[in-house]
>>> print(open('model-v4.pdb').read())   # PDB, C-alpha atoms (C1' of nucleotides)
ATOM      1  CA  MET X 169      30.814  -6.892  25.398
ATOM      2  CA  SER X 170      29.956  -6.174  21.827
ATOM      3  CA  GLU X 171      26.674  -4.325  22.381
ATOM      4  CA  LYS X 172      26.133  -1.653  24.956
ATOM      5  CA  SER X 173      22.531  -2.650  25.400
ATOM      6  CA  ALA X 174      21.530  -2.719  29.040
ATOM      7  CA  GLY X 175      21.949   0.950  29.891
ATOM      8  CA  PRO X 176      20.101   3.885  28.405
ATOM      9  CA  GLY X 177      21.420   4.774  25.004
ATOM     10  CA  ARG X 178      21.264   2.406  22.089
ATOM     11  CA  THR X 179      20.980   3.402  18.450
ATOM     12  CA  ILE X 180      18.190   2.213  16.236
ATOM     13  CA  GLY X 181      20.189  -0.713  14.846
ATOM     14  CA  THR X 182      20.891  -2.064  18.309
ATOM     15  CA  LEU X 183      17.250  -1.665  19.276
ATOM     16  CA  ALA X 184      16.312  -3.522  16.106
ATOM     17  CA  ARG X 185      18.609  -6.436  16.986
ATOM     18  CA  GLU X 186      17.368  -6.515  20.569
ATOM     19  CA  THR X 187      13.701  -6.655  19.648
ATOM     20  CA  GLY X 188      13.740  -8.407  16.295
ATOM     21  CA  VAL X 189      12.001  -5.438  14.691
ATOM     22  CA  ASN X 190      13.357  -4.058  11.450
ATOM     23  CA  VAL X 191      15.047  -0.651  11.543
ATOM     24  CA  GLU X 192      12.698   0.708   8.884
ATOM     25  CA  THR X 193       9.755  -0.632  10.820
ATOM     26  CA  ILE X 194      10.847   1.155  13.987
ATOM     27  CA  ARG X 195      11.006   4.443  12.108
ATOM     28  CA  PHE X 196       7.633   3.623  10.603
ATOM     29  CA  TYR X 197       6.158   3.056  14.082
ATOM     30  CA  GLU X 198       7.538   6.395  15.170
ATOM     31  CA  ARG X 199       5.949   8.163  12.201
ATOM     32  CA  GLU X 200       2.673   6.441  13.047
ATOM     33  CA  GLY X 201       2.879   7.575  16.647
ATOM     34  CA  ILE X 202       2.995   4.022  18.017
ATOM     35  CA  ILE X 203       6.304   4.596  19.738
ATOM     36  CA  PRO X 204       7.335   8.048  20.956
ATOM     37  CA  ALA X 205      10.121   9.916  19.225
ATOM     38  CA  PRO X 206      13.280   9.308  21.251
ATOM     39  CA  PRO X 207      15.875  11.947  22.038
ATOM     40  CA  ARG X 208      18.677  12.469  19.553
ATOM     41  CA  THR X 209      22.434  12.620  19.824
ATOM     42  CA  ALA X 210      24.450  15.620  18.648
ATOM     43  CA  GLY X 211      24.804  13.823  15.316
ATOM     44  CA  ASN X 212      21.020  13.453  15.021
ATOM     45  CA  TYR X 213      20.971   9.735  15.797
ATOM     46  CA  ARG X 214      17.952   8.389  17.661
ATOM     47  CA  LEU X 215      18.874   7.224  21.158
ATOM     48  CA  TYR X 216      16.676   4.626  22.794
ATOM     49  CA  GLY X 217      16.410   3.649  26.431
ATOM     50  CA  PRO X 218      15.117   0.524  28.184
ATOM     51  CA  GLY X 219      11.562   1.886  28.108
ATOM     52  CA  HIS X 220      11.646   1.881  24.345
ATOM     53  CA  VAL X 221      12.898  -1.684  24.325
ATOM     54  CA  ARG X 222      10.006  -2.813  26.502
ATOM     55  CA  ARG X 223       7.432  -0.951  24.450
ATOM     56  CA  LEU X 224       8.752  -2.269  21.161
ATOM     57  CA  ALA X 225       8.955  -5.835  22.463
ATOM     58  CA  PHE X 226       5.337  -5.509  23.567
ATOM     59  CA  ILE X 227       4.365  -4.315  20.095
ATOM     60  CA  ARG X 228       6.229  -7.154  18.454
ATOM     61  CA  ARG X 229       4.475  -9.761  20.576
ATOM     62  CA  ALA X 230       1.084  -8.250  19.915
ATOM     63  CA  ARG X 231       1.775  -8.102  16.171
ATOM     64  CA  ASP X 232       2.964 -11.712  16.230
ATOM     65  CA  LEU X 233      -0.426 -12.585  17.678
ATOM     66  CA  GLY X 234      -2.007 -10.907  14.680
ATOM     67  CA  PHE X 235      -3.382  -7.827  16.392
ATOM     68  CA  PRO X 236      -3.771  -5.004  13.880
ATOM     69  CA  LEU X 237      -1.830  -1.872  14.613
ATOM     70  CA  ASP X 238      -4.760   0.169  15.882
ATOM     71  CA  VAL X 239      -5.576  -2.561  18.391
ATOM     72  CA  VAL X 240      -1.917  -2.637  19.416
ATOM     73  CA  ARG X 241      -2.252   1.082  19.987
ATOM     74  CA  ALA X 242      -5.271   0.467  22.182
ATOM     75  CA  LEU X 243      -3.466  -2.260  24.126
ATOM     76  CA  LEU X 244      -0.532   0.049  24.734
ATOM     77  CA  ALA X 245      -2.843   2.793  25.944
ATOM     78  CA  LEU X 246      -4.468   0.323  28.353
ATOM     79  CA  ALA X 247      -1.132  -0.993  29.567
ATOM     80  CA  ASP X 248      -0.258   2.586  30.455
ATOM     81  CA  GLN X 249      -3.272   2.889  32.794
ATOM     82  CA  PRO X 250      -2.619   0.371  35.580
ATOM     83  CA  ASP X 251      -5.702   1.343  37.591
ATOM     84  CA  ARG X 252      -8.293   0.509  34.991
ATOM     85  CA  LEU X 253     -10.005  -2.827  34.943
ATOM     86  CA  CYS X 254      -8.763  -5.685  32.862
ATOM     87  CA  GLY X 255     -12.035  -6.134  30.991
ATOM     88  CA  GLU X 256     -11.195  -4.062  27.970
ATOM     89  CA  VAL X 257      -7.938  -5.902  27.498
ATOM     90  CA  ASP X 258      -9.745  -9.202  27.681
ATOM     91  CA  ASP X 259     -12.344  -7.958  25.195
ATOM     92  CA  LEU X 260      -9.674  -7.087  22.673
ATOM     93  CA  VAL X 261      -8.035 -10.485  23.044
ATOM     94  CA  VAL X 262     -11.341 -12.320  22.700
ATOM     95  CA  GLU X 263     -12.275 -10.292  19.665
ATOM     96  CA  GLN X 264      -8.949 -11.103  18.049
ATOM     97  CA  LEU X 265      -9.488 -14.750  18.907
ATOM     98  CA  HIS X 266     -12.830 -14.699  17.128
ATOM     99  CA  GLU X 267     -11.331 -12.922  14.164
ATOM    100  CA  VAL X 268      -8.690 -15.621  13.858
ATOM    101  CA  GLU X 269     -11.341 -18.312  14.191
ATOM    102  CA  ARG X 270     -13.358 -16.713  11.402
ATOM    103  CA  LYS X 271     -10.300 -16.650   9.178
ATOM    104  CA  ILE X 272      -9.575 -20.299   9.917
ATOM    105  CA  ALA X 273     -13.132 -21.280   9.034
ATOM    106  CA  ASP X 274     -12.963 -19.306   5.777
ATOM    107  CA  LEU X 275      -9.667 -20.899   4.827
ATOM    108  CA  GLN X 276     -10.921 -24.378   5.658
ATOM    109  CA  ARG X 277     -13.823 -23.923   3.260
ATOM    110  CA  LEU X 278     -11.328 -22.733   0.680
ATOM    111  CA  ARG X 279      -9.072 -25.705   1.290
ATOM    112  CA  ASP X 280     -11.942 -28.140   0.823
ATOM    113  CA  GLU X 281     -12.885 -26.532  -2.472
ATOM    114  CA  LEU X 282      -9.313 -26.515  -3.707
ATOM    115  CA  ASP X 283      -8.897 -30.105  -2.640
ATOM    116  CA  ARG X 284     -11.935 -31.160  -4.627
ATOM    117  CA  LEU X 285     -10.643 -29.168  -7.574
ATOM    118  CA  ALA X 286      -7.168 -30.667  -7.406
ATOM    119  CA  HIS X 287      -8.563 -34.199  -7.459
ATOM    120  CA  GLN X 288     -10.473 -33.550 -10.667
ATOM    121  CA  CYS X 289      -7.400 -33.476 -12.851
ATOM    122  CA  ARG X 290      -7.295 -36.470 -15.164
ATOM    123  CA  GLY X 291      -4.139 -35.378 -16.943
ATOM    124  CA  GLY X 292      -5.575 -34.664 -20.384
ATOM    125  CA  ARG X 293      -5.552 -31.492 -22.450
ATOM    126  CA  ILE X 294      -6.763 -28.164 -21.223
ATOM    127  CA  SER X 295      -9.738 -28.323 -23.573
ATOM    128  CA  GLU X 296     -11.117 -31.157 -21.474
ATOM    129  CA  CYS X 297      -9.689 -29.950 -18.176
ATOM    130  CA  ARG X 298     -12.198 -30.243 -15.354
ATOM    131  CA  ILE X 299     -10.420 -27.605 -13.346
ATOM    132  CA  ILE X 300     -10.742 -24.981 -16.041
ATOM    133  CA  GLU X 301     -14.318 -26.116 -16.553
ATOM    134  CA  ALA X 302     -15.050 -25.711 -12.875
ATOM    135  CA  LEU X 303     -13.778 -22.160 -13.002
ATOM    136  CA  SER X 304     -15.710 -21.343 -16.167
ATOM    137  CA  PRO X 305     -19.383 -20.359 -16.179
TER     138      PRO X 305
ATOM    139  CA  MET F 900     -36.930  -7.656 -18.908
ATOM    140  CA  SER F 901     -35.133  -5.097 -16.901
ATOM    141  CA  GLU F 902     -31.557  -5.820 -18.057
ATOM    142  CA  LYS F 903     -30.497  -6.339 -21.646
ATOM    143  CA  SER F 904     -27.906  -8.866 -20.598
ATOM    144  CA  ALA F 905     -27.894 -11.874 -22.881
ATOM    145  CA  GLY F 906     -26.845 -10.215 -26.129
ATOM    146  CA  PRO F 907     -23.637  -8.351 -26.848
ATOM    147  CA  GLY F 908     -23.665  -4.874 -25.374
ATOM    148  CA  ARG F 909     -23.864  -4.243 -21.670
ATOM    149  CA  THR F 910     -22.368  -1.295 -19.841
ATOM    150  CA  ILE F 911     -19.955  -1.712 -16.995
ATOM    151  CA  GLY F 912     -22.652  -1.451 -14.320
ATOM    152  CA  THR F 913     -24.630  -4.280 -15.870
ATOM    153  CA  LEU F 914     -21.503  -6.402 -16.173
ATOM    154  CA  ALA F 915     -20.770  -5.683 -12.537
ATOM    155  CA  ARG F 916     -24.218  -6.862 -11.471
ATOM    156  CA  GLU F 917     -24.000  -9.955 -13.663
ATOM    157  CA  THR F 918     -20.663 -11.072 -12.298
ATOM    158  CA  GLY F 919     -20.704  -9.711  -8.772
ATOM    159  CA  VAL F 920     -17.532  -7.738  -9.466
ATOM    160  CA  ASN F 921     -17.382  -4.100  -8.453
ATOM    161  CA  VAL F 922     -17.397  -1.485 -11.216
ATOM    162  CA  GLU F 923     -14.154   0.013  -9.938
ATOM    163  CA  THR F 924     -12.590  -3.416  -9.827
ATOM    164  CA  ILE F 925     -13.503  -4.090 -13.443
ATOM    165  CA  ARG F 926     -11.793  -0.891 -14.515
ATOM    166  CA  PHE F 927      -8.851  -1.852 -12.324
ATOM    167  CA  TYR F 928      -8.613  -5.248 -14.048
ATOM    168  CA  GLU F 929      -8.608  -3.517 -17.394
ATOM    169  CA  ARG F 930      -5.778  -1.186 -16.347
ATOM    170  CA  GLU F 931      -3.871  -4.230 -15.137
ATOM    171  CA  GLY F 932      -4.363  -6.026 -18.428
ATOM    172  CA  ILE F 933      -6.317  -8.880 -16.874
ATOM    173  CA  ILE F 934      -9.350  -8.253 -19.040
ATOM    174  CA  PRO F 935      -9.017  -6.710 -22.481
ATOM    175  CA  ALA F 936     -10.244  -3.187 -23.100
ATOM    176  CA  PRO F 937     -13.734  -3.473 -24.600
ATOM    177  CA  PRO F 938     -15.051  -1.352 -27.454
ATOM    178  CA  ARG F 939     -16.702   1.958 -26.579
ATOM    179  CA  THR F 940     -19.991   3.578 -27.520
ATOM    180  CA  ALA F 941     -20.199   6.981 -29.174
ATOM    181  CA  GLY F 942     -20.491   8.477 -25.703
ATOM    182  CA  ASN F 943     -17.288   6.710 -24.586
ATOM    183  CA  TYR F 944     -19.028   4.070 -22.488
ATOM    184  CA  ARG F 945     -17.401   0.642 -22.284
ATOM    185  CA  LEU F 946     -19.507  -2.005 -24.021
ATOM    186  CA  TYR F 947     -19.069  -5.601 -22.925
ATOM    187  CA  GLY F 948     -20.071  -8.793 -24.700
ATOM    188  CA  PRO F 949     -20.683 -12.344 -23.464
ATOM    189  CA  GLY F 950     -16.984 -13.154 -23.754
ATOM    190  CA  HIS F 951     -16.218 -10.516 -21.178
ATOM    191  CA  VAL F 952     -18.856 -11.910 -18.868
ATOM    192  CA  ARG F 953     -17.304 -15.358 -19.047
ATOM    193  CA  ARG F 954     -13.776 -14.095 -18.507
ATOM    194  CA  LEU F 955     -14.767 -11.938 -15.559
ATOM    195  CA  ALA F 956     -16.796 -14.744 -13.971
ATOM    196  CA  PHE F 957     -13.745 -16.977 -14.310
ATOM    197  CA  ILE F 958     -11.602 -14.351 -12.605
ATOM    198  CA  ARG F 959     -14.107 -13.951  -9.810
ATOM    199  CA  ARG F 960     -14.197 -17.662  -9.101
ATOM    200  CA  ALA F 961     -10.441 -17.916  -9.097
ATOM    201  CA  ARG F 962     -10.165 -14.907  -6.773
ATOM    202  CA  ASP F 963     -12.799 -16.411  -4.494
ATOM    203  CA  LEU F 964     -10.541 -19.436  -4.238
ATOM    204  CA  GLY F 965      -7.794 -17.130  -3.072
ATOM    205  CA  PHE F 966      -5.595 -17.242  -6.160
ATOM    206  CA  PRO F 967      -3.472 -14.101  -6.368
ATOM    207  CA  LEU F 968      -3.947 -11.999  -9.462
ATOM    208  CA  ASP F 969      -0.771 -13.070 -11.201
ATOM    209  CA  VAL F 970      -1.801 -16.699 -10.830
ATOM    210  CA  VAL F 971      -5.246 -15.788 -12.158
ATOM    211  CA  ARG F 972      -3.450 -14.278 -15.116
ATOM    212  CA  ALA F 973      -1.558 -17.526 -15.626
ATOM    213  CA  LEU F 974      -4.763 -19.569 -15.353
ATOM    214  CA  LEU F 975      -6.449 -17.368 -17.949
ATOM    215  CA  ALA F 976      -3.497 -17.743 -20.283
ATOM    216  CA  LEU F 977      -3.668 -21.536 -19.890
ATOM    217  CA  ALA F 978      -7.413 -21.588 -20.397
ATOM    218  CA  ASP F 979      -6.808 -19.808 -23.708
ATOM    219  CA  GLN F 980      -4.555 -22.625 -24.963
ATOM    220  CA  PRO F 981      -6.830 -25.671 -25.213
ATOM    221  CA  ASP F 982      -4.137 -27.942 -26.699
ATOM    222  CA  ARG F 983      -1.680 -27.755 -23.832
ATOM    223  CA  LEU F 984      -1.643 -30.357 -21.152
ATOM    224  CA  CYS F 985      -3.525 -29.950 -17.932
ATOM    225  CA  GLY F 986      -0.473 -30.405 -15.726
ATOM    226  CA  GLU F 987       0.364 -26.758 -15.262
ATOM    227  CA  VAL F 988      -3.179 -25.972 -14.252
ATOM    228  CA  ASP F 989      -3.117 -28.751 -11.718
ATOM    229  CA  ASP F 990       0.236 -27.529 -10.388
ATOM    230  CA  LEU F 991      -1.150 -24.061  -9.777
ATOM    231  CA  VAL F 992      -4.162 -25.475  -7.945
ATOM    232  CA  VAL F 993      -2.038 -27.767  -5.793
ATOM    233  CA  GLU F 994       0.333 -24.935  -4.956
ATOM    234  CA  GLN F 995      -2.565 -22.754  -3.906
ATOM    235  CA  LEU F 996      -3.915 -25.630  -1.836
ATOM    236  CA  HIS F 997      -0.610 -25.879   0.004
ATOM    237  CA  GLU F 998      -0.493 -22.141   0.507
ATOM    238  CA  VAL F 999      -3.944 -22.243   2.095
ATOM    239  CA  GLU F1000      -2.914 -25.169   4.276
ATOM    240  CA  ARG F1001       0.140 -23.252   5.474
ATOM    241  CA  LYS F1002      -2.044 -20.288   6.371
ATOM    242  CA  ILE F1003      -4.468 -22.505   8.266
ATOM    243  CA  ALA F1004      -1.624 -24.038  10.260
ATOM    244  CA  ASP F1005      -0.247 -20.583  11.105
ATOM    245  CA  LEU F1006      -3.629 -19.332  12.210
ATOM    246  CA  GLN F1007      -4.276 -22.418  14.320
ATOM    247  CA  ARG F1008      -1.075 -21.789  16.250
ATOM    248  CA  LEU F1009      -2.205 -18.199  16.697
ATOM    249  CA  ARG F1010      -5.621 -19.286  17.880
ATOM    250  CA  ASP F1011      -4.137 -21.595  20.491
ATOM    251  CA  GLU F1012      -1.958 -18.822  21.838
ATOM    252  CA  LEU F1013      -4.814 -16.347  21.937
ATOM    253  CA  ASP F1014      -7.019 -18.900  23.595
ATOM    254  CA  ARG F1015      -4.472 -19.450  26.340
ATOM    255  CA  LEU F1016      -4.122 -15.701  26.719
ATOM    256  CA  ALA F1017      -7.864 -15.095  26.902
ATOM    257  CA  HIS F1018      -8.235 -17.650  29.697
ATOM    258  CA  GLN F1019      -5.684 -15.873  31.859
ATOM    259  CA  CYS F1020      -7.924 -12.916  32.646
ATOM    260  CA  ARG F1021      -8.946 -12.935  36.311
ATOM    261  CA  GLY F1022     -10.860  -9.690  36.066
ATOM    262  CA  GLY F1023      -8.648  -7.503  38.241
ATOM    263  CA  ARG F1024      -6.867  -4.269  37.476
ATOM    264  CA  ILE F1025      -4.533  -3.798  34.581
ATOM    265  CA  SER F1026      -1.572  -3.547  36.929
ATOM    266  CA  GLU F1027      -2.063  -7.201  37.747
ATOM    267  CA  CYS F1028      -3.377  -8.234  34.343
ATOM    268  CA  ARG F1029      -1.838 -11.486  33.171
ATOM    269  CA  ILE F1030      -2.557 -10.655  29.574
ATOM    270  CA  ILE F1031      -0.586  -7.429  29.673
ATOM    271  CA  GLU F1032       2.108  -9.287  31.579
ATOM    272  CA  ALA F1033       2.249 -11.979  28.946
ATOM    273  CA  LEU F1034       2.771  -9.335  26.278
ATOM    274  CA  SER F1035       5.398  -7.496  28.287
ATOM    275  CA  PRO F1036       9.042  -8.544  28.420
TER     276      PRO F1036
ATOM    277  C1'  DC E1099      45.086  13.131   9.867
ATOM    278  C1'  DA E1100      42.798  10.780   6.327
ATOM    279  C1'  DT E1101      40.029   7.194   4.795
ATOM    280  C1'  DG E1102      37.057   3.244   4.667
ATOM    281  C1'  DG E1103      33.158   0.900   6.096
ATOM    282  C1'  DA E1104      29.378   0.410   9.094
ATOM    283  C1'  DC E1105      25.952   2.768  10.570
ATOM    284  C1'  DC E1106      22.467   6.584  10.621
ATOM    285  C1'  DC E1107      19.360  10.394   8.511
ATOM    286  C1'  DT E1108      15.206  12.072   5.452
ATOM    287  C1'  DG E1109      12.109  11.440   1.857
ATOM    288  C1'  DT E1110       9.935   8.996  -1.516
ATOM    289  C1'  DA E1111       8.206   5.091  -4.010
ATOM    290  C1'  DC E1112       6.569   0.422  -3.982
ATOM    291  C1'  DC E1113       3.864  -4.144  -2.723
ATOM    292  C1'  DA E1114      -1.563  -6.500  -3.225
ATOM    293  C1'  DA E1115      -5.864  -5.837  -4.569
ATOM    294  C1'  DC E1116      -8.669  -3.133  -4.438
ATOM    295  C1'  DT E1117     -11.823   1.149  -2.792
ATOM    296  C1'  DA E1118     -13.167   5.933  -2.646
ATOM    297  C1'  DC E1119     -13.594  10.041  -4.126
ATOM    298  C1'  DA E1120     -13.493  14.603  -7.168
ATOM    299  C1'  DG E1121     -14.894  16.719 -11.014
ATOM    300  C1'  DG E1122     -16.786  16.149 -14.974
ATOM    301  C1'  DG E1123     -19.742  13.950 -19.284
ATOM    302  C1'  DT E1124     -23.932  11.007 -21.161
ATOM    303  C1'  DC E1125     -28.394   9.365 -21.485
ATOM    304  C1'  DA E1126     -33.218   8.388 -20.867
ATOM    305  C1'  DA E1127     -37.404   9.671 -18.728
ATOM    306  C1'  DC E1128     -40.754  12.905 -17.426
TER     307       DC E1128
ATOM    308  C1'  DG A 207     -35.213  21.091 -20.067
ATOM    309  C1'  DT A 208     -34.106  19.258 -16.158
ATOM    310  C1'  DT A 209     -33.547  15.631 -12.993
ATOM    311  C1'  DG A 210     -31.183  11.491 -11.619
ATOM    312  C1'  DA A 211     -28.837   7.386 -12.690
ATOM    313  C1'  DC A 212     -25.158   6.091 -14.795
ATOM    314  C1'  DC A 213     -20.518   6.594 -16.963
ATOM    315  C1'  DC A 214     -15.665   8.734 -17.655
ATOM    316  C1'  DT A 215     -10.612   9.869 -16.046
ATOM    317  C1'  DG A 216      -7.342  10.510 -12.642
ATOM    318  C1'  DT A 217      -5.671  10.455  -8.163
ATOM    319  C1'  DA A 218      -5.322   9.188  -3.347
ATOM    320  C1'  DG A 219      -6.155   6.049   0.446
ATOM    321  C1'  DT A 220      -6.160   1.380   2.689
ATOM    322  C1'  DT A 221      -2.564  -2.184   5.788
ATOM    323  C1'  DG A 222       1.882  -2.924   7.467
ATOM    324  C1'  DG A 223       5.453  -2.481   6.237
ATOM    325  C1'  DT A 224       9.922  -2.820   2.599
ATOM    326  C1'  DA A 225      13.328  -0.740  -0.515
ATOM    327  C1'  DC A 226      15.890   2.406  -2.195
ATOM    328  C1'  DA A 227      18.431   7.152  -3.238
ATOM    329  C1'  DG A 228      21.275  10.481  -1.729
ATOM    330  C1'  DG A 229      23.309  12.142   1.798
ATOM    331  C1'  DG A 230      25.605  12.654   6.958
ATOM    332  C1'  DT A 231      28.118  10.457  11.272
ATOM    333  C1'  DC A 232      31.199   7.751  13.769
ATOM    334  C1'  DC A 233      35.098   5.174  14.851
ATOM    335  C1'  DA A 234      39.017   2.318  14.061
ATOM    336  C1'  DT A 235      42.878   1.560  11.415
ATOM    337  C1'  DG A 236      46.923   2.964   8.711
TER     338       DG A 236
END
>>> encode(input="model-v4.pdb", output="structure tokens")
Amino acid sequence: MSEKSAGPGRTIGTLARETGVNVETIRFYEREGIIPAPPRTAGNYRLYGPGHVRRLAFIRRARDLGFPLDVVRALLALADQPDRLCGEVDDLVVEQLHEVERKIADLQRLRDELDRLAHQCRGGRISECRIIEALSP
Amino acid sequence: MSEKSAGPGRTIGTLARETGVNVETIRFYEREGIIPAPPRTAGNYRLYGPGHVRRLAFIRRARDLGFPLDVVRALLALADQPDRLCGEVDDLVVEQLHEVERKIADLQRLRDELDRLAHQCRGGRISECRIIEALSP
DNA sequence: CATGGACCCTGTACCAACTACAGGGTCAAC
DNA sequence: GTTGACCCTGTAGTTGGTACAGGGTCCATG
């Protein structure tokens, strides 16, 4: 076994490899209060347990889905309260869905404009370039 | 006439209103060397002429199309050389088009995942929430 | 026991592209 | 002469990290 990963007590580099989160990013999350500060070894190394792995994996998945960090924070807080109703979680997901849909719509408009622009090039000099013209007043 | 805008000699606020670019952003562009520093009045106010209006309007359009600032810089440099061929301009537009298409594809994958996630909510407690489960390891 | 290399620590600066002040000066109107 | 709108510089904050610099720790090998 090359990595002592299952038990409680991995260093930050091992945690990084296990979760696919950068070492610097993990420290950044700790500074931001998104993950709790872990205990330290005698040599001042951070020591993470399985709980940290789960929390960080959760964060990574949420970030991969595009949730901003403060929403990730909210999701984590909700996940920690098993008795509350699911509604708030669903609301956050739906809101993120709409956000993504808005961004897609914006980018599609952009793509159409760029497409039109790209097709205007007739290969002459810049002085008669339709693209530059289209950008000029 | 409420704004002396046509002739040469508007202050930064007037330029901002004419072009739809924020006052702070105009000063930022000047610091970044994207627009040249204009002459000043006796009272140290920036005084812009029609050339500045055109350049800033060009920048705004390019930014609205999502071009990053360094590409805007390149487009401006090309626009200033009327004898060069249009090819480079077209290349920049096509590259930006592809960039936008990549982003759309990424966001569409995200949307599909979020959509699946959002439909998993059965309205129970968080302890049995499928969304939280899906985010957990 | 020393030493090398992989790993860890803190702290700071940097990225894009702005935005938001703070703390002051200018200008025109009333 | 004073108000209020506008302008000036300079600095810090935004988001979500990344990239060092300059040091300390750990462990295996010689």
>>> resolve_selection(input="model-v4.pdb", expression="the PyMOL selection byres ((chain A) within 10 of (chain X))", output="count of residues only")
8
>>> interface_residues(input="model-v4.pdb", of="chain X", to="chain E", cutoff="12 Å", atoms="all atoms listed in the file", output="list in words")
Thr179, Ile180, Gly181, Thr182, Val191, Glu192, Arg195, Arg208, Thr209, Gly211, Asn212, Tyr213, Arg214 and Leu215 of chain X
>>> closest_residue(input="model-v4.pdb", among="X:Ser295, X:Gln249, X:Gln264, X:Gln288", to="Arg231 (chain X)", atoms="all atoms listed in the file")
X:Gln264
>>> resolve_selection(input="model-v4.pdb", expression="the PyMOL selection byres ((chain F) within 7 of (chain X))", output="PyMOL selection string")
chain F and resi 953+956-957+960-961+964+978+981-986+989+992-993+996+999-1000+1003+1006+1009-1010+1013-1014+1017+1020+1022-1026+1028+1031+1034-1036
>>> atom_distance(input="model-v4.pdb", atom1="CA of His220 (chain X)", atom2="CA of Pro176 (chain X)")
9.6 Å
>>> atom_distance(input="model-v4.pdb", atom1="CA of Glu931 (chain F)", atom2="CA of Gly908 (chain F)")
22.3 Å
>>> atom_distance(input="model-v4.pdb", atom1="CA of Pro935 (chain F)", atom2="C1' of DT217 (chain A)")
22.6 Å
>>> axis_aligned_box(input="model-v4.pdb", around="region 1102-1113 of chain E", padding_each_side="8 Å", output="lines of an AutoDock Vina configuration file")
center_x = 20.5
center_y = 4.0
center_z = 3.3
size_x = 49.2
size_y = 32.2
size_z = 30.6
>>> closest_residue(input="model-v4.pdb", among="X:Ala205, X:Val239, X:Ala245, X:Val189", to="Gly217 (chain X)", atoms="all atoms listed in the file")
X:Ala205
